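Below is one structure, written out as structure tokens; comments come after it.
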Amino acid sequence: MTTLKSKLQDDLNAAIKERDELRSSTLRLTLAAITKEEVAGKEKRVLSDDEVQKVIAREAKKRREAADAFAQGGRAEQAEREKAEGEVLATYLPKQLSDDELNAIVAQAVEEARAAGAEGPRAMGAVMKIVNPKVAGQAEGGRVAAAVKKLLAG
């Protein structure tokens, strides 16, 4: 078992003992998603810590999107629960880049792409190829794409 997955399992056991319903249900759902990912495909496999982190990030994104949907639908109580679950999952993810840090990385990538001959809005793909490995797990794809578009347009 990977170290991150075993940490999730240990934290789940602790949350159950403490009768922390929010934490235990969130960790249960996340571990179920990890197990589902492990058995998907033709053969069962053990996920690496990076793969487990991607599953956690995907689950956290689902919580954010659900919170927004509930808030727009006038269901504040459900939205708060989803936000709280997202915060529980955020503790297992790497620290997110601030907007300034992200913009600095994107600006550097735009310069690299321009040096390679990519210009204007068509350079989006080239810039994203440079930026994505640098910010992997530290910034959501939508945020990165928005920052790249803004810098290419300006």
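In the structure tokens, chains take the letters A, B, ... in the order shown, each chain's residues start at 1, and ligands count up from 1 in the order shown.
The list of residues with at least one atom within 10 Å of A:Val88, based on only C-alpha atoms and without residues fewer than 2 positions apart in the same chain, reads A:Leu22, A:Arg23, A:Ser24, A:Thr26, A:Leu27, A:Ala60, A:Glu82, A:Lys83, A:Ala84, A:Glu85, A:Gly86, A:Ala90, A:Thr91, A:Tyr92, A:Leu93.
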Kindly export the residues of the current selection with N, CA, C and O atoms, as a JSON list (two decimals), in the first residue's frame.
```json
[["chain", "number", "residue", "atom", "x", "y", "z"],
["A", 22, "LEU", "N", -18.11, 14.00, 9.31],
["A", 22, "LEU", "CA", -17.72, 14.67, 8.06],
["A", 22, "LEU", "C", -16.42, 14.09, 7.52],
["A", 22, "LEU", "O", -16.34, 13.68, 6.36],
["A", 23, "ARG", "N", -15.40, 14.04, 8.37],
["A", 23, "ARG", "CA", -14.10, 13.53, 7.97],
["A", 23, "ARG", "C", -14.16, 12.07, 7.55],
["A", 23, "ARG", "O", -13.59, 11.68, 6.53],
["A", 24, "SER", "N", -14.84, 11.26, 8.35],
["A", 24, "SER", "CA", -14.88, 9.82, 8.05],
["A", 24, "SER", "C", -15.63, 9.56, 6.75],
["A", 24, "SER", "O", -15.17, 8.74, 5.94],
["A", 26, "THR", "N", -16.00, 11.61, 4.20],
["A", 26, "THR", "CA", -15.19, 12.13, 3.09],
["A", 26, "THR", "C", -14.04, 11.18, 2.77],
["A", 26, "THR", "O", -13.79, 10.87, 1.60],
["A", 27, "LEU", "N", -13.35, 10.70, 3.80],
["A", 27, "LEU", "CA", -12.22, 9.79, 3.58],
["A", 27, "LEU", "C", -12.70, 8.44, 3.03],
["A", 27, "LEU", "O", -12.02, 7.85, 2.19],
["A", 60, "ALA", "N", -11.60, 16.44, -4.89],
["A", 60, "ALA", "CA", -11.71, 17.81, -4.36],
["A", 60, "ALA", "C", -12.39, 18.72, -5.38],
["A", 60, "ALA", "O", -13.21, 19.57, -5.02],
["A", 82, "GLU", "N", -20.41, 20.41, 1.13],
["A", 82, "GLU", "CA", -19.47, 20.11, 0.04],
["A", 82, "GLU", "C", -18.17, 20.90, 0.21],
["A", 82, "GLU", "O", -17.09, 20.38, -0.01],
["A", 83, "LYS", "N", -18.28, 22.17, 0.61],
["A", 83, "LYS", "CA", -17.08, 22.99, 0.84],
["A", 83, "LYS", "C", -16.25, 22.40, 1.97],
["A", 83, "LYS", "O", -15.02, 22.34, 1.88],
["A", 84, "ALA", "N", -16.92, 21.96, 3.03],
["A", 84, "ALA", "CA", -16.20, 21.37, 4.17],
["A", 84, "ALA", "C", -15.48, 20.10, 3.75],
["A", 84, "ALA", "O", -14.33, 19.86, 4.15],
["A", 85, "GLU", "N", -16.14, 19.27, 2.93],
["A", 85, "GLU", "CA", -15.50, 18.04, 2.43],
["A", 85, "GLU", "C", -14.29, 18.40, 1.57],
["A", 85, "GLU", "O", -13.25, 17.74, 1.64],
["A", 86, "GLY", "N", -14.43, 19.45, 0.76],
["A", 86, "GLY", "CA", -13.31, 19.90, -0.08],
["A", 86, "GLY", "C", -12.13, 20.34, 0.76],
["A", 86, "GLY", "O", -10.97, 20.09, 0.41],
["A", 90, "ALA", "N", -8.35, 18.96, 0.83],
["A", 90, "ALA", "CA", -7.26, 19.90, 0.53],
["A", 90, "ALA", "C", -6.05, 19.67, 1.44],
["A", 90, "ALA", "O", -4.92, 19.95, 1.04],
["A", 91, "THR", "N", -6.29, 19.12, 2.63],
["A", 91, "THR", "CA", -5.16, 18.89, 3.54],
["A", 91, "THR", "C", -4.22, 17.80, 3.00],
["A", 91, "THR", "O", -3.08, 17.71, 3.45],
["A", 92, "TYR", "N", -4.69, 16.99, 2.07],
["A", 92, "TYR", "CA", -3.87, 15.91, 1.50],
["A", 92, "TYR", "C", -3.23, 16.31, 0.18],
["A", 92, "TYR", "O", -2.51, 15.52, -0.42],
["A", 93, "LEU", "N", -3.50, 17.52, -0.29],
["A", 93, "LEU", "CA", -2.97, 17.97, -1.57],
["A", 93, "LEU", "C", -1.82, 18.95, -1.34],
["A", 93, "LEU", "O", -1.77, 19.61, -0.30]]
```
Test item: residues at most 9 Å from stretch 117-133 of chain A, only C-alpha atoms, excluding those fewer than 2 positions along its chain, as a PDB file with N, CA, C and O atoms, in the first residue's frame:
```pdb
ATOM      1  N   ILE A 105       5.236  31.958 -13.455  1.00  0.00           N
ATOM      2  CA  ILE A 105       5.583  30.733 -14.192  1.00  0.00           C
ATOM      3  C   ILE A 105       5.064  30.818 -15.620  1.00  0.00           C
ATOM      4  O   ILE A 105       5.760  30.472 -16.583  1.00  0.00           O
ATOM      5  N   VAL A 106       3.814  31.303 -15.771  1.00  0.00           N
ATOM      6  CA  VAL A 106       3.213  31.416 -17.106  1.00  0.00           C
ATOM      7  C   VAL A 106       3.986  32.430 -17.951  1.00  0.00           C
ATOM      8  O   VAL A 106       4.243  32.183 -19.133  1.00  0.00           O
ATOM      9  N   GLN A 108       7.106  33.252 -17.782  1.00  0.00           N
ATOM     10  CA  GLN A 108       8.369  32.629 -18.189  1.00  0.00           C
ATOM     11  C   GLN A 108       8.120  31.653 -19.342  1.00  0.00           C
ATOM     12  O   GLN A 108       8.887  31.608 -20.306  1.00  0.00           O
ATOM     13  N   ALA A 109       7.035  30.880 -19.261  1.00  0.00           N
ATOM     14  CA  ALA A 109       6.709  29.909 -20.311  1.00  0.00           C
ATOM     15  C   ALA A 109       6.357  30.611 -21.615  1.00  0.00           C
ATOM     16  O   ALA A 109       6.702  30.136 -22.706  1.00  0.00           O
ATOM     17  N   VAL A 110       5.665  31.746 -21.533  1.00  0.00           N
ATOM     18  CA  VAL A 110       5.315  32.510 -22.735  1.00  0.00           C
ATOM     19  C   VAL A 110       6.595  32.986 -23.424  1.00  0.00           C
ATOM     20  O   VAL A 110       6.714  32.911 -24.656  1.00  0.00           O
ATOM     21  N   GLU A 111       7.563  33.451 -22.631  1.00  0.00           N
ATOM     22  CA  GLU A 111       8.844  33.887 -23.200  1.00  0.00           C
ATOM     23  C   GLU A 111       9.557  32.717 -23.891  1.00  0.00           C
ATOM     24  O   GLU A 111      10.096  32.869 -24.979  1.00  0.00           O
ATOM     25  N   GLU A 112       9.544  31.546 -23.242  1.00  0.00           N
ATOM     26  CA  GLU A 112      10.169  30.355 -23.845  1.00  0.00           C
ATOM     27  C   GLU A 112       9.493  30.002 -25.163  1.00  0.00           C
ATOM     28  O   GLU A 112      10.154  29.676 -26.149  1.00  0.00           O
ATOM     29  N   ALA A 113       8.157  30.062 -25.181  1.00  0.00           N
ATOM     30  CA  ALA A 113       7.400  29.716 -26.390  1.00  0.00           C
ATOM     31  C   ALA A 113       7.683  30.724 -27.498  1.00  0.00           C
ATOM     32  O   ALA A 113       7.827  30.349 -28.668  1.00  0.00           O
ATOM     33  N   ARG A 114       7.769  31.996 -27.136  1.00  0.00           N
ATOM     34  CA  ARG A 114       8.066  33.035 -28.146  1.00  0.00           C
ATOM     35  C   ARG A 114       9.469  32.841 -28.709  1.00  0.00           C
ATOM     36  O   ARG A 114       9.696  33.031 -29.904  1.00  0.00           O
ATOM     37  N   ALA A 115      10.386  32.443 -27.846  1.00  0.00           N
ATOM     38  CA  ALA A 115      11.759  32.189 -28.301  1.00  0.00           C
ATOM     39  C   ALA A 115      11.781  31.007 -29.274  1.00  0.00           C
ATOM     40  O   ALA A 115      12.603  30.965 -30.190  1.00  0.00           O
ATOM     41  N   VAL A 135       3.630  23.105 -12.942  1.00  0.00           N
ATOM     42  CA  VAL A 135       2.603  23.397 -11.929  1.00  0.00           C
ATOM     43  C   VAL A 135       1.766  22.172 -11.577  1.00  0.00           C
ATOM     44  O   VAL A 135       0.775  22.300 -10.870  1.00  0.00           O
ATOM     45  N   ALA A 136       2.163  21.005 -12.048  1.00  0.00           N
ATOM     46  CA  ALA A 136       1.371  19.793 -11.836  1.00  0.00           C
ATOM     47  C   ALA A 136       0.968  19.636 -10.375  1.00  0.00           C
ATOM     48  O   ALA A 136       1.814  19.621  -9.485  1.00  0.00           O
ATOM     49  N   ALA A 139      -1.806  23.751  -9.282  1.00  0.00           N
ATOM     50  CA  ALA A 139      -2.788  24.693  -9.826  1.00  0.00           C
ATOM     51  C   ALA A 139      -3.727  23.916 -10.736  1.00  0.00           C
ATOM     52  O   ALA A 139      -3.300  23.025 -11.468  1.00  0.00           O
ATOM     53  N   GLY A 141      -6.134  23.080 -13.841  1.00  0.00           N
ATOM     54  CA  GLY A 141      -5.985  23.329 -15.272  1.00  0.00           C
ATOM     55  C   GLY A 141      -6.717  24.566 -15.762  1.00  0.00           C
ATOM     56  O   GLY A 141      -6.209  25.307 -16.597  1.00  0.00           O
ATOM     57  N   VAL A 144      -4.789  27.660 -14.863  1.00  0.00           N
ATOM     58  CA  VAL A 144      -3.585  27.774 -15.687  1.00  0.00           C
ATOM     59  C   VAL A 144      -3.957  28.283 -17.079  1.00  0.00           C
ATOM     60  O   VAL A 144      -3.345  29.223 -17.591  1.00  0.00           O
ATOM     61  N   ALA A 145      -4.992  27.685 -17.670  1.00  0.00           N
ATOM     62  CA  ALA A 145      -5.423  28.079 -19.015  1.00  0.00           C
ATOM     63  C   ALA A 145      -5.854  29.545 -19.044  1.00  0.00           C
ATOM     64  O   ALA A 145      -5.522  30.275 -19.992  1.00  0.00           O
ATOM     65  N   VAL A 148      -2.753  31.726 -18.965  1.00  0.00           N
ATOM     66  CA  VAL A 148      -2.049  31.686 -20.255  1.00  0.00           C
ATOM     67  C   VAL A 148      -2.787  32.546 -21.272  1.00  0.00           C
ATOM     68  O   VAL A 148      -2.182  33.361 -21.973  1.00  0.00           O
ATOM     69  N   LYS A 149      -4.113  32.408 -21.360  1.00  0.00           N
ATOM     70  CA  LYS A 149      -4.908  33.200 -22.307  1.00  0.00           C
ATOM     71  C   LYS A 149      -4.732  34.689 -22.052  1.00  0.00           C
ATOM     72  O   LYS A 149      -4.576  35.476 -22.972  1.00  0.00           O
ATOM     73  N   LEU A 152      -1.252  35.799 -23.196  1.00  0.00           N
ATOM     74  CA  LEU A 152      -1.111  35.761 -24.657  1.00  0.00           C
ATOM     75  C   LEU A 152      -1.920  36.863 -25.322  1.00  0.00           C
ATOM     76  O   LEU A 152      -1.500  37.419 -26.331  1.00  0.00           O
ATOM     77  N   ALA A 153      -3.073  37.181 -24.753  1.00  0.00           N
ATOM     78  CA  ALA A 153      -3.922  38.229 -25.322  1.00  0.00           C
ATOM     79  C   ALA A 153      -3.331  39.611 -25.063  1.00  0.00           C
ATOM     80  O   ALA A 153      -3.451  40.513 -25.875  1.00  0.00           O
TER      81      ALA A 153
END
```
Alpha helix (DSSP H) residues, from DSSP on the backbone, in stretch 7-146 of chain A, as a PyMOL selection string: chain A and resi 7-17+21-39+49-72+76-90+99-115+124-135+141-146
Contacts of A:Asp11 at 12 Å (only C-alpha atoms; same-chain gap of 3+ positions) as a VMD selection string: chain A and resid 4 to 8 14 to 20 23 to 28 30 to 31 88 to 89 91 to 92
Given the selection you just returned, output its residues as a file containing N, CA, C and O atoms, formatted as an mmCIF file, in the first residue's frame.
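Output contents, as saved in selection-v6.cif:
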```cif
data_model
loop_
_atom_site.group_PDB
_atom_site.id
_atom_site.type_symbol
_atom_site.label_atom_id
_atom_site.label_comp_id
_atom_site.auth_asym_id
_atom_site.auth_seq_id
_atom_site.Cartn_x
_atom_site.Cartn_y
_atom_site.Cartn_z
ATOM 1 N N LEU A 4 0.660 7.445 0.965
ATOM 2 C CA LEU A 4 -0.461 8.382 1.028
ATOM 3 C C LEU A 4 -1.777 7.646 1.266
ATOM 4 O O LEU A 4 -2.601 8.077 2.075
ATOM 5 N N LYS A 5 -1.933 6.510 0.607
ATOM 6 C CA LYS A 5 -3.155 5.735 0.805
ATOM 7 C C LYS A 5 -3.221 5.207 2.243
ATOM 8 O O LYS A 5 -4.290 5.232 2.871
ATOM 9 N N SER A 6 -2.119 4.742 2.782
ATOM 10 C CA SER A 6 -2.126 4.244 4.157
ATOM 11 C C SER A 6 -2.370 5.382 5.146
ATOM 12 O O SER A 6 -3.034 5.189 6.168
ATOM 13 N N LYS A 7 -1.894 6.584 4.832
ATOM 14 C CA LYS A 7 -2.173 7.751 5.682
ATOM 15 C C LYS A 7 -3.673 8.052 5.675
ATOM 16 O O LYS A 7 -4.262 8.325 6.729
ATOM 17 N N LEU A 8 -4.290 7.984 4.500
ATOM 18 C CA LEU A 8 -5.745 8.186 4.404
ATOM 19 C C LEU A 8 -6.479 7.146 5.254
ATOM 20 O O LEU A 8 -7.428 7.476 5.971
ATOM 21 N N ALA A 14 -8.874 7.017 12.625
ATOM 22 C CA ALA A 14 -8.869 8.017 13.705
ATOM 23 C C ALA A 14 -10.178 8.809 13.707
ATOM 24 O O ALA A 14 -10.747 9.071 14.773
ATOM 25 N N ALA A 15 -10.663 9.177 12.528
ATOM 26 C CA ALA A 15 -11.908 9.948 12.428
ATOM 27 C C ALA A 15 -13.096 9.131 12.928
ATOM 28 O O ALA A 15 -14.001 9.668 13.584
ATOM 29 N N ILE A 16 -13.095 7.835 12.647
ATOM 30 C CA ILE A 16 -14.169 6.960 13.121
ATOM 31 C C ILE A 16 -14.142 6.890 14.643
ATOM 32 O O ILE A 16 -15.180 6.999 15.301
ATOM 33 N N LYS A 17 -12.946 6.726 15.204
ATOM 34 C CA LYS A 17 -12.815 6.656 16.667
ATOM 35 C C LYS A 17 -13.253 7.958 17.329
ATOM 36 O O LYS A 17 -13.825 7.955 18.417
ATOM 37 N N GLU A 18 -12.959 9.095 16.670
ATOM 38 C CA GLU A 18 -13.335 10.401 17.215
ATOM 39 C C GLU A 18 -14.797 10.743 16.917
ATOM 40 O O GLU A 18 -15.258 11.809 17.308
ATOM 41 N N ARG A 19 -15.467 9.893 16.175
ATOM 42 C CA ARG A 19 -16.853 10.110 15.748
ATOM 43 C C ARG A 19 -17.011 11.400 14.939
ATOM 44 O O ARG A 19 -17.987 12.118 15.066
ATOM 45 N N ASP A 20 -16.005 11.654 14.100
ATOM 46 C CA ASP A 20 -16.020 12.818 13.202
ATOM 47 C C ASP A 20 -16.690 12.376 11.901
ATOM 48 O O ASP A 20 -16.045 11.844 11.001
ATOM 49 N N ARG A 23 -15.400 14.038 8.374
ATOM 50 C CA ARG A 23 -14.097 13.534 7.968
ATOM 51 C C ARG A 23 -14.159 12.069 7.552
ATOM 52 O O ARG A 23 -13.590 11.677 6.533
ATOM 53 N N SER A 24 -14.841 11.256 8.355
ATOM 54 C CA SER A 24 -14.876 9.822 8.054
ATOM 55 C C SER A 24 -15.627 9.559 6.749
ATOM 56 O O SER A 24 -15.173 8.744 5.937
ATOM 57 N N SER A 25 -16.743 10.236 6.507
ATOM 58 C CA SER A 25 -17.474 9.985 5.256
ATOM 59 C C SER A 25 -16.680 10.474 4.050
ATOM 60 O O SER A 25 -16.657 9.816 3.003
ATOM 61 N N THR A 26 -16.005 11.608 4.195
ATOM 62 C CA THR A 26 -15.187 12.135 3.092
ATOM 63 C C THR A 26 -14.037 11.183 2.768
ATOM 64 O O THR A 26 -13.795 10.874 1.604
ATOM 65 N N LEU A 27 -13.352 10.696 3.803
ATOM 66 C CA LEU A 27 -12.223 9.786 3.579
ATOM 67 C C LEU A 27 -12.696 8.445 3.031
ATOM 68 O O LEU A 27 -12.016 7.846 2.185
ATOM 69 N N ARG A 28 -13.864 7.987 3.477
ATOM 70 C CA ARG A 28 -14.416 6.737 2.935
ATOM 71 C C ARG A 28 -14.657 6.861 1.435
ATOM 72 O O ARG A 28 -14.290 5.972 0.660
ATOM 73 N N THR A 30 -13.313 8.931 -0.653
ATOM 74 C CA THR A 30 -12.045 9.092 -1.358
ATOM 75 C C THR A 30 -11.323 7.751 -1.494
ATOM 76 O O THR A 30 -10.806 7.430 -2.569
ATOM 77 N N LEU A 31 -11.298 6.977 -0.425
ATOM 78 C CA LEU A 31 -10.672 5.646 -0.500
ATOM 79 C C LEU A 31 -11.421 4.742 -1.477
ATOM 80 O O LEU A 31 -10.803 3.940 -2.187
ATOM 81 N N VAL A 88 -11.394 19.217 3.764
ATOM 82 C CA VAL A 88 -10.776 18.009 4.331
ATOM 83 C C VAL A 88 -9.800 17.421 3.309
ATOM 84 O O VAL A 88 -8.664 17.073 3.640
ATOM 85 N N LEU A 89 -10.238 17.327 2.045
ATOM 86 C CA LEU A 89 -9.381 16.754 1.005
ATOM 87 C C LEU A 89 -8.181 17.650 0.704
ATOM 88 O O LEU A 89 -7.105 17.155 0.371
ATOM 89 N N THR A 91 -6.291 19.125 2.630
ATOM 90 C CA THR A 91 -5.165 18.886 3.541
ATOM 91 C C THR A 91 -4.224 17.802 3.003
ATOM 92 O O THR A 91 -3.082 17.710 3.448
ATOM 93 N N TYR A 92 -4.692 16.986 2.073
ATOM 94 C CA TYR A 92 -3.865 15.910 1.501
ATOM 95 C C TYR A 92 -3.229 16.306 0.177
ATOM 96 O O TYR A 92 -2.511 15.522 -0.418
#
```
Distance query A:Leu47 at most 10 Å, only C-alpha atoms, self and fewer than 2 positions along chain excluded, as a PyMOL selection string: chain A and resi 1-2+4-5+34-35+37-39+44-45+49-53+55
Since we have the selection now, will you write its residues out, keeping N, CA, C and O atoms, as a short mmCIF file (atom, residue, chain, number, x, y, z; two decimals), in the first residue's frame?
```cif
data_model
loop_
_atom_site.label_atom_id
_atom_site.label_comp_id
_atom_site.auth_asym_id
_atom_site.auth_seq_id
_atom_site.Cartn_x
_atom_site.Cartn_y
_atom_site.Cartn_z
N MET A 1 0.85 -1.18 0.00
CA MET A 1 0.00 0.00 0.00
C MET A 1 0.90 1.24 0.00
O MET A 1 1.91 1.28 0.67
N THR A 2 0.52 2.24 -0.79
CA THR A 2 1.33 3.45 -0.85
C THR A 2 1.24 4.22 0.46
O THR A 2 0.30 4.03 1.23
N LEU A 4 0.66 7.45 0.96
CA LEU A 4 -0.46 8.38 1.03
C LEU A 4 -1.78 7.65 1.27
O LEU A 4 -2.60 8.08 2.08
N LYS A 5 -1.93 6.51 0.61
CA LYS A 5 -3.15 5.74 0.81
C LYS A 5 -3.22 5.21 2.24
O LYS A 5 -4.29 5.23 2.87
N ILE A 34 -10.26 5.68 -4.87
CA ILE A 34 -8.91 5.16 -5.10
C ILE A 34 -8.99 3.67 -5.45
O ILE A 34 -8.36 3.21 -6.40
N THR A 35 -9.78 2.92 -4.69
CA THR A 35 -9.94 1.49 -4.95
C THR A 35 -10.56 1.26 -6.33
O THR A 35 -10.12 0.38 -7.08
N GLU A 37 -10.26 3.17 -8.91
CA GLU A 37 -9.20 3.44 -9.88
C GLU A 37 -8.24 2.25 -9.96
O GLU A 37 -7.75 1.92 -11.03
N GLU A 38 -7.96 1.62 -8.81
CA GLU A 38 -7.02 0.50 -8.79
C GLU A 38 -7.56 -0.72 -9.54
O GLU A 38 -6.79 -1.45 -10.15
N VAL A 39 -8.86 -0.93 -9.50
CA VAL A 39 -9.42 -2.12 -10.15
C VAL A 39 -9.94 -1.82 -11.56
O VAL A 39 -10.42 -2.73 -12.24
N LYS A 44 -5.85 -5.59 -11.78
CA LYS A 44 -5.77 -4.79 -10.56
C LYS A 44 -4.34 -4.32 -10.38
O LYS A 44 -3.40 -5.04 -10.67
N ARG A 45 -4.18 -3.07 -9.93
CA ARG A 45 -2.84 -2.55 -9.71
C ARG A 45 -2.86 -1.66 -8.47
O ARG A 45 -3.91 -1.27 -8.00
N ASP A 49 1.85 7.12 -5.17
CA ASP A 49 1.42 8.30 -4.42
C ASP A 49 0.94 9.41 -5.36
O ASP A 49 -0.02 10.10 -5.06
N ASP A 50 1.63 9.59 -6.49
CA ASP A 50 1.22 10.62 -7.45
C ASP A 50 -0.17 10.33 -8.01
O ASP A 50 -0.99 11.24 -8.15
N GLU A 51 -0.42 9.05 -8.33
CA GLU A 51 -1.74 8.68 -8.85
C GLU A 51 -2.82 8.86 -7.78
O GLU A 51 -3.92 9.32 -8.08
N VAL A 52 -2.50 8.51 -6.54
CA VAL A 52 -3.45 8.71 -5.43
C VAL A 52 -3.74 10.19 -5.28
O VAL A 52 -4.90 10.60 -5.09
N GLN A 53 -2.71 11.00 -5.41
CA GLN A 53 -2.89 12.45 -5.29
C GLN A 53 -3.80 12.99 -6.40
O GLN A 53 -4.62 13.87 -6.16
N VAL A 55 -6.21 11.34 -7.82
CA VAL A 55 -7.58 10.93 -7.46
C VAL A 55 -8.13 11.89 -6.40
O VAL A 55 -9.28 12.34 -6.49
#
```
Residue nearest A:Ala107 - candidates A:Leu151, A:Ala66, A:Ala146, A:Ala76, atoms counted: only C-alpha atoms: A:Leu151
Residue with smallest distance to A:Ala67 - pool A:Lys42, A:Lys134, A:Arg81, A:Arg143, counting only C-alpha atoms: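 Checking each candidate against A:Ala67, we get A:Arg81 as the closest.
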Distance in Å - atom CA of A:Ala147 versus atom CA of A:Gln96: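 Atom-to-atom, atom CA of A:Ala147 and atom CA of A:Gln96 are spaced 14.6 Å apart.
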Atom CA of A:Gln138 to atom CA of A:Pro94, straight-line distance in Å: 6.2 Å
